[in-house]
Amino acid sequence: METKNIYFISGIDTDAGKSYCTAWYARELMQRGLRVITQKFIQTGNTGHSEDIDLHRRLTGTGYLPEDKEGLTMPEIFSYPCSPHLAARIDKRPIDFGKIERATRELSHRYDTVLVEGAGGLMVPLTEDFLTIDYIAEKQYPLIFVTSGKLGSINHTLLSFEAIKNRDIALDTVLYNLYPTVEDKTIQEDTMKYIKQYLSKHFPGTKFEVVPEIV
């Protein structure tokens, strides 16, 4: 499968702000003249639609797209708000990875760039023995990784970087999420500086983008 225009977006945890950052990054690329679409490859906690795709479309200002109505941007939806492996078990149906791949491939034919948002962090299980990070490595998708300046994020970020390097995943971009705004920026500012220095030493080719609050 050709992956040159497909990027996977993951983050330090469920509350890293992946959906917000995915929408922001899509909007940034659109403003640079690229035709961009986002996909939530597995959505949990919803029925019939993806709330993350709803957020993407609202923040990018595109409104719903034909590909949303076709189900290409939300190929697998499960009702219970939990990790995909448990959500699939609760709904009593396995994740159809073939369906996801066909949808992603079709989007890559129609758009310049496809941003595939994951569910939770890198180590979230998709099946009993297949993690999100395994899926990224298998597809050889470049990774866009979301982190932030909240307390504990340095630990989560560096652990994730170790796992990324261990699986030879290309870390394309780190998105540093400033949303939601905090009054005391001491930790936020120091964490940003630390992560940027770490990247320059261990991932010198990786881009670093600061994601502001979208007004």
# chains A, B, ... in the order shown; residues from 1 in each chain; ligands from 1
>>> residues_around(residues="Val116 (chain A)", least_positions_apart="4", cutoff="8 Å", atoms="only C-alpha atoms", output="CSV table (one decimal) with N, CA and C atoms, in the first residue's frame")
chain,number,residue,atom,x,y,z
A,6,ILE,N,0.0,9.5,3.6
A,6,ILE,CA,-0.8,9.1,4.7
A,6,ILE,C,0.0,9.2,6.0
A,7,TYR,N,-0.5,9.9,7.0
A,7,TYR,CA,0.2,10.1,8.2
A,7,TYR,C,-0.7,9.7,9.4
A,8,PHE,N,-0.1,9.0,10.3
A,8,PHE,CA,-0.9,8.5,11.5
A,8,PHE,C,-0.6,9.5,12.7
A,9,ILE,N,-1.7,9.9,13.4
A,9,ILE,CA,-1.6,10.8,14.5
A,9,ILE,C,-1.9,10.1,15.8
A,38,THR,N,-9.1,14.2,7.0
A,38,THR,CA,-8.9,13.4,8.2
A,38,THR,C,-9.7,12.2,8.3
A,39,GLN,N,-9.2,11.2,8.9
A,39,GLN,CA,-9.9,9.9,9.1
A,39,GLN,C,-9.7,9.5,10.6
A,40,LYS,N,-10.8,9.1,11.2
A,40,LYS,CA,-10.7,8.4,12.5
A,40,LYS,C,-10.9,6.9,12.3
A,41,PHE,N,-9.7,6.2,12.3
A,41,PHE,CA,-9.7,4.8,11.8
A,41,PHE,C,-10.6,3.9,12.7
>>> select_by_dssp(residues="region 55-109 of chain A", states="alpha helix (DSSP H)", output="PyMOL selection string")
chain A and resi 55-60+66-69+84-91+97-109
>>> atom_distance(atom1="CA of Val124 (chain A)", atom2="CA of Tyr176 (chain A)")
20.6 Å
>>> closest_atom_pairs(of="region 87-190 of chain A", to="region 66-83 of chain A", cutoff="12 Å", atoms="only C-alpha atoms", output="Markdown table")
| residue | atom | partner | partner_atom | distance |
| --- | --- | --- | --- | --- |
| A:Ala87 | CA | A:Tyr80 | CA | 5.4 |
| A:Ala88 | CA | A:Phe78 | CA | 6.6 |
| A:Arg89 | CA | A:Phe78 | CA | 9.7 |
| A:Ile90 | CA | A:Tyr80 | CA | 7.3 |
| A:Asp91 | CA | A:Phe78 | CA | 6.7 |
| A:Lys92 | CA | A:Phe78 | CA | 9.8 |
| A:Arg93 | CA | A:Phe78 | CA | 9.2 |
| A:Pro94 | CA | A:Glu76 | CA | 9.9 |
| A:Ile95 | CA | A:Glu76 | CA | 7.0 |
| A:Asp96 | CA | A:Glu76 | CA | 7.3 |
| A:Phe97 | CA | A:Glu76 | CA | 8.8 |
| A:Gly98 | CA | A:Pro75 | CA | 10.0 |
| A:Lys99 | CA | A:Pro75 | CA | 6.7 |
| A:Ile100 | CA | A:Pro75 | CA | 5.6 |
| A:Glu101 | CA | A:Pro75 | CA | 9.1 |
| A:Arg102 | CA | A:Leu72 | CA | 8.5 |
| A:Ala103 | CA | A:Leu72 | CA | 4.9 |
| A:Thr104 | CA | A:Leu72 | CA | 7.2 |
| A:Arg105 | CA | A:Leu72 | CA | 9.5 |
| A:Glu106 | CA | A:Leu72 | CA | 7.8 |
| A:Leu107 | CA | A:Leu72 | CA | 7.2 |
| A:Ser108 | CA | A:Leu72 | CA | 10.8 |
| A:Arg110 | CA | A:Glu67 | CA | 9.6 |
| A:Tyr111 | CA | A:Glu67 | CA | 10.9 |
| A:Val114 | CA | A:Thr73 | CA | 9.8 |
| A:Leu115 | CA | A:Thr73 | CA | 10.0 |
| A:Val116 | CA | A:Thr73 | CA | 8.7 |
| A:Glu117 | CA | A:Thr73 | CA | 10.0 |
| A:Gly118 | CA | A:Ser83 | CA | 10.7 |
| A:Ala119 | CA | A:Ser83 | CA | 7.3 |
| A:Gly120 | CA | A:Ser83 | CA | 7.4 |
| A:Gly121 | CA | A:Ser83 | CA | 9.8 |
| A:Leu122 | CA | A:Ser83 | CA | 11.4 |
| A:Met123 | CA | A:Ser83 | CA | 10.2 |
| A:Val124 | CA | A:Ser83 | CA | 6.4 |
| A:Pro125 | CA | A:Ser83 | CA | 6.6 |
| A:Leu126 | CA | A:Ser83 | CA | 7.2 |
| A:Thr127 | CA | A:Ser83 | CA | 9.3 |
| A:Glu128 | CA | A:Ser83 | CA | 10.8 |
| A:Leu131 | CA | A:Ser83 | CA | 10.4 |
| A:Thr132 | CA | A:Ser83 | CA | 10.2 |
>>> atom_distance(atom1="CA of Val36 (chain A)", atom2="CA of Ala23 (chain A)")
10.3 Å
>>> residues_around(residues="Ile144 (chain A)", least_positions_apart="6", cutoff="10 Å", atoms="only C-alpha atoms", output="NGL selection string")
:A and (7-11 or 18 or 21-22 or 25 or 115-117 or 170-175 or 206-208)
>>> residues_around(residues="region 184-192 of chain A", least_positions_apart="6", cutoff="9 Å", atoms="only C-alpha atoms", output="VMD selection string")
chain A and resid 148 to 151 153 to 154 176 178 210
>>> write_last_selection(atoms="all heavy atoms", output="PDB file, in the first residue's frame")
ATOM      1  N   SER A 148       2.005  17.534  25.279  1.00  0.00           N
ATOM      2  CA  SER A 148       1.575  18.802  25.881  1.00  0.00           C
ATOM      3  C   SER A 148       2.474  19.136  27.056  1.00  0.00           C
ATOM      4  O   SER A 148       3.425  18.410  27.354  1.00  0.00           O
ATOM      5  CB  SER A 148       0.121  18.706  26.350  1.00  0.00           C
ATOM      6  OG  SER A 148       0.032  17.852  27.491  1.00  0.00           O
ATOM      7  N   GLY A 149       2.143  20.219  27.736  1.00  0.00           N
ATOM      8  CA  GLY A 149       2.940  20.654  28.871  1.00  0.00           C
ATOM      9  C   GLY A 149       2.330  20.332  30.206  1.00  0.00           C
ATOM     10  O   GLY A 149       2.734  20.907  31.227  1.00  0.00           O
ATOM     11  N   LYS A 150       1.381  19.426  30.239  1.00  0.00           N
ATOM     12  CA  LYS A 150       0.779  19.100  31.531  1.00  0.00           C
ATOM     13  C   LYS A 150       1.748  18.261  32.367  1.00  0.00           C
ATOM     14  O   LYS A 150       2.667  17.619  31.835  1.00  0.00           O
ATOM     15  CB  LYS A 150      -0.545  18.364  31.335  1.00  0.00           C
ATOM     16  CG  LYS A 150      -0.435  16.997  30.690  1.00  0.00           C
ATOM     17  CD  LYS A 150      -1.823  16.397  30.472  1.00  0.00           C
ATOM     18  CE  LYS A 150      -1.739  15.030  29.814  1.00  0.00           C
ATOM     19  NZ  LYS A 150      -3.079  14.444  29.576  1.00  0.00           N
ATOM     20  N   LEU A 151       1.555  18.263  33.654  1.00  0.00           N
ATOM     21  CA  LEU A 151       2.415  17.533  34.565  1.00  0.00           C
ATOM     22  C   LEU A 151       2.441  16.049  34.200  1.00  0.00           C
ATOM     23  O   LEU A 151       1.390  15.425  34.049  1.00  0.00           O
ATOM     24  CB  LEU A 151       1.914  17.705  36.005  1.00  0.00           C
ATOM     25  CG  LEU A 151       2.760  17.044  37.101  1.00  0.00           C
ATOM     26  CD1 LEU A 151       4.146  17.657  37.154  1.00  0.00           C
ATOM     27  CD2 LEU A 151       2.051  17.178  38.459  1.00  0.00           C
ATOM     28  N   SER A 153       3.843  14.837  31.410  1.00  0.00           N
ATOM     29  CA  SER A 153       3.924  14.604  29.968  1.00  0.00           C
ATOM     30  C   SER A 153       5.349  14.305  29.501  1.00  0.00           C
ATOM     31  O   SER A 153       5.529  13.613  28.494  1.00  0.00           O
ATOM     32  CB  SER A 153       3.349  15.789  29.191  1.00  0.00           C
ATOM     33  OG  SER A 153       4.109  16.953  29.399  1.00  0.00           O
ATOM     34  N   ILE A 154       6.363  14.814  30.199  1.00  0.00           N
ATOM     35  CA  ILE A 154       7.734  14.475  29.803  1.00  0.00           C
ATOM     36  C   ILE A 154       7.946  12.967  29.881  1.00  0.00           C
ATOM     37  O   ILE A 154       8.463  12.340  28.945  1.00  0.00           O
ATOM     38  CB  ILE A 154       8.774  15.199  30.680  1.00  0.00           C
ATOM     39  CG1 ILE A 154       8.799  16.701  30.376  1.00  0.00           C
ATOM     40  CG2 ILE A 154      10.173  14.615  30.441  1.00  0.00           C
ATOM     41  CD1 ILE A 154       9.802  17.478  31.213  1.00  0.00           C
ATOM     42  N   TYR A 176       2.979  20.135  19.809  1.00  0.00           N
ATOM     43  CA  TYR A 176       2.960  20.485  21.232  1.00  0.00           C
ATOM     44  C   TYR A 176       1.701  21.295  21.508  1.00  0.00           C
ATOM     45  O   TYR A 176       1.574  22.457  21.110  1.00  0.00           O
ATOM     46  CB  TYR A 176       4.212  21.286  21.583  1.00  0.00           C
ATOM     47  CG  TYR A 176       4.433  21.439  23.063  1.00  0.00           C
ATOM     48  CD1 TYR A 176       4.977  20.399  23.811  1.00  0.00           C
ATOM     49  CD2 TYR A 176       4.112  22.621  23.715  1.00  0.00           C
ATOM     50  CE1 TYR A 176       5.196  20.541  25.170  1.00  0.00           C
ATOM     51  CE2 TYR A 176       4.320  22.772  25.070  1.00  0.00           C
ATOM     52  CZ  TYR A 176       4.857  21.728  25.793  1.00  0.00           C
ATOM     53  OH  TYR A 176       5.066  21.866  27.151  1.00  0.00           O
ATOM     54  N   LEU A 178      -0.993  23.443  23.281  1.00  0.00           N
ATOM     55  CA  LEU A 178      -1.164  24.447  24.333  1.00  0.00           C
ATOM     56  C   LEU A 178      -2.612  24.554  24.816  1.00  0.00           C
ATOM     57  O   LEU A 178      -2.908  25.345  25.718  1.00  0.00           O
ATOM     58  CB  LEU A 178      -0.709  25.827  23.830  1.00  0.00           C
ATOM     59  CG  LEU A 178       0.745  25.965  23.413  1.00  0.00           C
ATOM     60  CD1 LEU A 178       1.043  27.422  23.047  1.00  0.00           C
ATOM     61  CD2 LEU A 178       1.700  25.491  24.505  1.00  0.00           C
ATOM     62  N   VAL A 210       4.070  24.078  17.479  1.00  0.00           N
ATOM     63  CA  VAL A 210       3.293  24.460  18.662  1.00  0.00           C
ATOM     64  C   VAL A 210       1.854  24.702  18.237  1.00  0.00           C
ATOM     65  O   VAL A 210       1.587  25.478  17.317  1.00  0.00           O
ATOM     66  CB  VAL A 210       3.866  25.728  19.318  1.00  0.00           C
ATOM     67  CG1 VAL A 210       2.998  26.150  20.503  1.00  0.00           C
ATOM     68  CG2 VAL A 210       5.300  25.486  19.770  1.00  0.00           C
TER      69      VAL A 210
END
>>> residues_around(residues="Lys4 (chain A)", least_positions_apart="5", cutoff="10 Å", atoms="only C-alpha atoms", output="list in words")
Ser108, Asp112, Thr113, Val114, Gln140, Tyr141 and Pro142 of chain A
>>> residues_around(residues="Glu138 (chain A)", least_positions_apart="5", cutoff="10 Å", atoms="only C-alpha atoms", output="PyMOL selection string")
chain A and resi 132-133+167+169
>>> write_last_selection(atoms="all heavy atoms", output="compact mmCIF listing (two decimals), in the first residue's frame")
# COMPACT_ATOMS: atom_id res chain seq x y z
N THR A 132 -1.80 -0.43 18.84
CA THR A 132 -1.83 0.67 17.87
C THR A 132 -0.46 0.89 17.25
O THR A 132 -0.32 1.08 16.03
CB THR A 132 -2.31 1.96 18.54
OG1 THR A 132 -3.66 1.78 19.01
CG2 THR A 132 -2.28 3.14 17.57
N ILE A 133 0.59 0.84 18.05
CA ILE A 133 1.94 1.06 17.53
C ILE A 133 2.34 -0.05 16.55
O ILE A 133 3.11 0.20 15.60
CB ILE A 133 2.96 1.18 18.69
CG1 ILE A 133 4.26 1.80 18.18
CG2 ILE A 133 3.18 -0.14 19.39
CD1 ILE A 133 5.22 2.19 19.28
N ARG A 167 10.66 0.46 17.20
CA ARG A 167 9.94 -0.15 16.08
C ARG A 167 10.27 0.49 14.73
O ARG A 167 9.61 0.22 13.74
CB ARG A 167 8.43 -0.09 16.34
CG ARG A 167 7.97 -1.10 17.41
CD ARG A 167 6.53 -0.84 17.80
NE ARG A 167 5.99 -1.88 18.65
CZ ARG A 167 6.23 -2.00 19.95
NH1 ARG A 167 7.04 -1.15 20.56
NH2 ARG A 167 5.69 -2.98 20.66
N ILE A 169 9.81 3.42 13.57
CA ILE A 169 8.75 4.26 13.01
C ILE A 169 9.32 5.65 12.74
O ILE A 169 10.06 6.20 13.55
CB ILE A 169 7.55 4.34 13.99
CG1 ILE A 169 6.87 2.97 14.09
CG2 ILE A 169 6.55 5.41 13.56
CD1 ILE A 169 5.84 2.89 15.20
>>> closest_residue(among="A:Tyr135, A:Thr47, A:Asn166, A:Asn177", to="Ser19 (chain A)", atoms="only C-alpha atoms")
A:Asn177
>>> select_by_dssp(residues="region 41-182 of chain A", states="strand (DSSP E or B)", output="ChimeraX atom specification")
/A:42-44,76-78,113-117,125-127,130-131,143-148,171-177
>>> closest_residue(among="A:Glu209, A:Asp168, A:Asp13, A:Asp129", to="Asn155 (chain A)", atoms="only C-alpha atoms")
A:Asp13
>>> decode(residues="region 120-156 of chain A", atoms="N, CA, C and O atoms", output="PDB file, in the first residue's frame")
ATOM      1  N   GLY A 120      -6.657   6.861  21.516  1.00  0.00           N
ATOM      2  CA  GLY A 120      -5.784   6.798  22.683  1.00  0.00           C
ATOM      3  C   GLY A 120      -4.321   6.897  22.299  1.00  0.00           C
ATOM      4  O   GLY A 120      -3.964   7.456  21.263  1.00  0.00           O
ATOM      5  N   GLY A 121      -3.453   6.335  23.142  1.00  0.00           N
ATOM      6  CA  GLY A 121      -2.015   6.410  22.925  1.00  0.00           C
ATOM      7  C   GLY A 121      -1.466   5.272  22.085  1.00  0.00           C
ATOM      8  O   GLY A 121      -2.212   4.419  21.587  1.00  0.00           O
ATOM      9  N   LEU A 122      -0.153   5.240  21.959  1.00  0.00           N
ATOM     10  CA  LEU A 122       0.503   4.272  21.083  1.00  0.00           C
ATOM     11  C   LEU A 122       0.295   2.824  21.514  1.00  0.00           C
ATOM     12  O   LEU A 122       0.212   1.927  20.674  1.00  0.00           O
ATOM     13  N   MET A 123       0.229   2.588  22.812  1.00  0.00           N
ATOM     14  CA  MET A 123       0.157   1.217  23.313  1.00  0.00           C
ATOM     15  C   MET A 123      -1.267   0.720  23.534  1.00  0.00           C
ATOM     16  O   MET A 123      -1.470  -0.338  24.126  1.00  0.00           O
ATOM     17  N   VAL A 124      -2.242   1.460  23.055  1.00  0.00           N
ATOM     18  CA  VAL A 124      -3.627   1.018  23.189  1.00  0.00           C
ATOM     19  C   VAL A 124      -3.843  -0.238  22.341  1.00  0.00           C
ATOM     20  O   VAL A 124      -3.506  -0.247  21.148  1.00  0.00           O
ATOM     21  N   PRO A 125      -4.394  -1.301  22.917  1.00  0.00           N
ATOM     22  CA  PRO A 125      -4.593  -2.527  22.150  1.00  0.00           C
ATOM     23  C   PRO A 125      -5.774  -2.432  21.184  1.00  0.00           C
ATOM     24  O   PRO A 125      -6.850  -1.953  21.545  1.00  0.00           O
ATOM     25  N   LEU A 126      -5.541  -2.907  19.964  1.00  0.00           N
ATOM     26  CA  LEU A 126      -6.618  -3.008  18.966  1.00  0.00           C
ATOM     27  C   LEU A 126      -7.252  -4.392  19.021  1.00  0.00           C
ATOM     28  O   LEU A 126      -8.456  -4.543  18.821  1.00  0.00           O
ATOM     29  N   THR A 127      -6.434  -5.404  19.264  1.00  0.00           N
ATOM     30  CA  THR A 127      -6.904  -6.754  19.560  1.00  0.00           C
ATOM     31  C   THR A 127      -6.135  -7.220  20.793  1.00  0.00           C
ATOM     32  O   THR A 127      -5.339  -6.474  21.364  1.00  0.00           O
ATOM     33  N   GLU A 128      -6.325  -8.456  21.181  1.00  0.00           N
ATOM     34  CA  GLU A 128      -5.653  -8.953  22.374  1.00  0.00           C
ATOM     35  C   GLU A 128      -4.134  -8.937  22.227  1.00  0.00           C
ATOM     36  O   GLU A 128      -3.407  -8.816  23.220  1.00  0.00           O
ATOM     37  N   ASP A 129      -3.626  -9.067  21.001  1.00  0.00           N
ATOM     38  CA  ASP A 129      -2.176  -9.139  20.815  1.00  0.00           C
ATOM     39  C   ASP A 129      -1.657  -8.218  19.713  1.00  0.00           C
ATOM     40  O   ASP A 129      -0.618  -8.471  19.111  1.00  0.00           O
ATOM     41  N   PHE A 130      -2.395  -7.133  19.431  1.00  0.00           N
ATOM     42  CA  PHE A 130      -2.010  -6.209  18.367  1.00  0.00           C
ATOM     43  C   PHE A 130      -2.285  -4.792  18.842  1.00  0.00           C
ATOM     44  O   PHE A 130      -3.436  -4.407  19.061  1.00  0.00           O
ATOM     45  N   LEU A 131      -1.208  -4.021  19.034  1.00  0.00           N
ATOM     46  CA  LEU A 131      -1.312  -2.674  19.579  1.00  0.00           C
ATOM     47  C   LEU A 131      -1.389  -1.629  18.466  1.00  0.00           C
ATOM     48  O   LEU A 131      -1.035  -1.895  17.321  1.00  0.00           O
ATOM     49  N   THR A 132      -1.801  -0.425  18.839  1.00  0.00           N
ATOM     50  CA  THR A 132      -1.832   0.666  17.865  1.00  0.00           C
ATOM     51  C   THR A 132      -0.458   0.887  17.246  1.00  0.00           C
ATOM     52  O   THR A 132      -0.320   1.082  16.034  1.00  0.00           O
ATOM     53  N   ILE A 133       0.590   0.841  18.051  1.00  0.00           N
ATOM     54  CA  ILE A 133       1.938   1.056  17.535  1.00  0.00           C
ATOM     55  C   ILE A 133       2.337  -0.045  16.553  1.00  0.00           C
ATOM     56  O   ILE A 133       3.109   0.200  15.601  1.00  0.00           O
ATOM     57  N   ASP A 134       1.815  -1.248  16.756  1.00  0.00           N
ATOM     58  CA  ASP A 134       2.074  -2.337  15.813  1.00  0.00           C
ATOM     59  C   ASP A 134       1.421  -2.044  14.465  1.00  0.00           C
ATOM     60  O   ASP A 134       2.002  -2.331  13.412  1.00  0.00           O
ATOM     61  N   TYR A 135       0.234  -1.476  14.511  1.00  0.00           N
ATOM     62  CA  TYR A 135      -0.483  -1.118  13.279  1.00  0.00           C
ATOM     63  C   TYR A 135       0.300  -0.058  12.507  1.00  0.00           C
ATOM     64  O   TYR A 135       0.480  -0.162  11.285  1.00  0.00           O
ATOM     65  N   ILE A 136       0.802   0.961  13.215  1.00  0.00           N
ATOM     66  CA  ILE A 136       1.566   2.030  12.568  1.00  0.00           C
ATOM     67  C   ILE A 136       2.827   1.455  11.917  1.00  0.00           C
ATOM     68  O   ILE A 136       3.154   1.788  10.772  1.00  0.00           O
ATOM     69  N   ALA A 137       3.519   0.596  12.649  1.00  0.00           N
ATOM     70  CA  ALA A 137       4.752   0.000  12.133  1.00  0.00           C
ATOM     71  C   ALA A 137       4.474  -0.899  10.934  1.00  0.00           C
ATOM     72  O   ALA A 137       5.215  -0.894   9.951  1.00  0.00           O
ATOM     73  N   GLU A 138       3.393  -1.657  11.010  1.00  0.00           N
ATOM     74  CA  GLU A 138       3.039  -2.565   9.914  1.00  0.00           C
ATOM     75  C   GLU A 138       2.740  -1.795   8.635  1.00  0.00           C
ATOM     76  O   GLU A 138       3.160  -2.185   7.542  1.00  0.00           O
ATOM     77  N   LYS A 139       2.008  -0.699   8.755  1.00  0.00           N
ATOM     78  CA  LYS A 139       1.633   0.103   7.582  1.00  0.00           C
ATOM     79  C   LYS A 139       2.758   1.038   7.143  1.00  0.00           C
ATOM     80  O   LYS A 139       2.687   1.623   6.063  1.00  0.00           O
ATOM     81  N   GLN A 140       3.770   1.195   8.004  1.00  0.00           N
ATOM     82  CA  GLN A 140       4.906   2.092   7.730  1.00  0.00           C
ATOM     83  C   GLN A 140       4.442   3.538   7.516  1.00  0.00           C
ATOM     84  O   GLN A 140       4.971   4.250   6.666  1.00  0.00           O
ATOM     85  N   TYR A 141       3.455   3.928   8.316  1.00  0.00           N
ATOM     86  CA  TYR A 141       2.982   5.306   8.249  1.00  0.00           C
ATOM     87  C   TYR A 141       3.942   6.224   9.009  1.00  0.00           C
ATOM     88  O   TYR A 141       4.330   5.908  10.139  1.00  0.00           O
ATOM     89  N   PRO A 142       4.311   7.366   8.450  1.00  0.00           N
ATOM     90  CA  PRO A 142       5.014   8.370   9.254  1.00  0.00           C
ATOM     91  C   PRO A 142       4.089   8.816  10.388  1.00  0.00           C
ATOM     92  O   PRO A 142       2.874   8.917  10.208  1.00  0.00           O
ATOM     93  N   LEU A 143       4.692   9.096  11.540  1.00  0.00           N
ATOM     94  CA  LEU A 143       3.899   9.406  12.727  1.00  0.00           C
ATOM     95  C   LEU A 143       3.943  10.891  13.060  1.00  0.00           C
ATOM     96  O   LEU A 143       5.003  11.522  13.036  1.00  0.00           O
ATOM     97  N   ILE A 144       2.776  11.436  13.354  1.00  0.00           N
ATOM     98  CA  ILE A 144       2.645  12.770  13.924  1.00  0.00           C
ATOM     99  C   ILE A 144       2.208  12.563  15.370  1.00  0.00           C
ATOM    100  O   ILE A 144       1.162  11.957  15.627  1.00  0.00           O
ATOM    101  N   PHE A 145       3.014  13.044  16.306  1.00  0.00           N
ATOM    102  CA  PHE A 145       2.810  12.705  17.710  1.00  0.00           C
ATOM    103  C   PHE A 145       2.414  13.924  18.531  1.00  0.00           C
ATOM    104  O   PHE A 145       3.065  14.969  18.473  1.00  0.00           O
ATOM    105  N   VAL A 146       1.341  13.785  19.306  1.00  0.00           N
ATOM    106  CA  VAL A 146       0.787  14.885  20.095  1.00  0.00           C
ATOM    107  C   VAL A 146       1.206  14.759  21.556  1.00  0.00           C
ATOM    108  O   VAL A 146       1.011  13.720  22.189  1.00  0.00           O
ATOM    109  N   THR A 147       1.797  15.837  22.067  1.00  0.00           N
ATOM    110  CA  THR A 147       2.109  15.900  23.484  1.00  0.00           C
ATOM    111  C   THR A 147       1.708  17.278  24.000  1.00  0.00           C
ATOM    112  O   THR A 147       1.125  18.075  23.266  1.00  0.00           O
ATOM    113  N   SER A 148       2.005  17.534  25.279  1.00  0.00           N
ATOM    114  CA  SER A 148       1.575  18.802  25.881  1.00  0.00           C
ATOM    115  C   SER A 148       2.474  19.136  27.056  1.00  0.00           C
ATOM    116  O   SER A 148       3.425  18.410  27.354  1.00  0.00           O
ATOM    117  N   GLY A 149       2.143  20.219  27.736  1.00  0.00           N
ATOM    118  CA  GLY A 149       2.940  20.654  28.871  1.00  0.00           C
ATOM    119  C   GLY A 149       2.330  20.332  30.206  1.00  0.00           C
ATOM    120  O   GLY A 149       2.734  20.907  31.227  1.00  0.00           O
ATOM    121  N   LYS A 150       1.381  19.426  30.239  1.00  0.00           N
ATOM    122  CA  LYS A 150       0.779  19.100  31.531  1.00  0.00           C
ATOM    123  C   LYS A 150       1.748  18.261  32.367  1.00  0.00           C
ATOM    124  O   LYS A 150       2.667  17.619  31.835  1.00  0.00           O
ATOM    125  N   LEU A 151       1.555  18.263  33.654  1.00  0.00           N
ATOM    126  CA  LEU A 151       2.415  17.533  34.565  1.00  0.00           C
ATOM    127  C   LEU A 151       2.441  16.049  34.200  1.00  0.00           C
ATOM    128  O   LEU A 151       1.390  15.425  34.049  1.00  0.00           O
ATOM    129  N   GLY A 152       3.630  15.488  34.051  1.00  0.00           N
ATOM    130  CA  GLY A 152       3.772  14.075  33.707  1.00  0.00           C
ATOM    131  C   GLY A 152       4.006  13.810  32.236  1.00  0.00           C
ATOM    132  O   GLY A 152       4.345  12.689  31.853  1.00  0.00           O
ATOM    133  N   SER A 153       3.843  14.837  31.410  1.00  0.00           N
ATOM    134  CA  SER A 153       3.924  14.604  29.968  1.00  0.00           C
ATOM    135  C   SER A 153       5.349  14.305  29.501  1.00  0.00           C
ATOM    136  O   SER A 153       5.529  13.613  28.494  1.00  0.00           O
ATOM    137  N   ILE A 154       6.363  14.814  30.199  1.00  0.00           N
ATOM    138  CA  ILE A 154       7.734  14.475  29.803  1.00  0.00           C
ATOM    139  C   ILE A 154       7.946  12.967  29.881  1.00  0.00           C
ATOM    140  O   ILE A 154       8.463  12.340  28.945  1.00  0.00           O
ATOM    141  N   ASN A 155       7.544  12.373  30.974  1.00  0.00           N
ATOM    142  CA  ASN A 155       7.681  10.929  31.141  1.00  0.00           C
ATOM    143  C   ASN A 155       6.948  10.177  30.030  1.00  0.00           C
ATOM    144  O   ASN A 155       7.519   9.289  29.377  1.00  0.00           O
ATOM    145  N   HIS A 156       5.691  10.516  29.808  1.00  0.00           N
ATOM    146  CA  HIS A 156       4.892   9.826  28.785  1.00  0.00           C
ATOM    147  C   HIS A 156       5.489  10.022  27.398  1.00  0.00           C
ATOM    148  O   HIS A 156       5.488   9.104  26.570  1.00  0.00           O
TER     149      HIS A 156
END
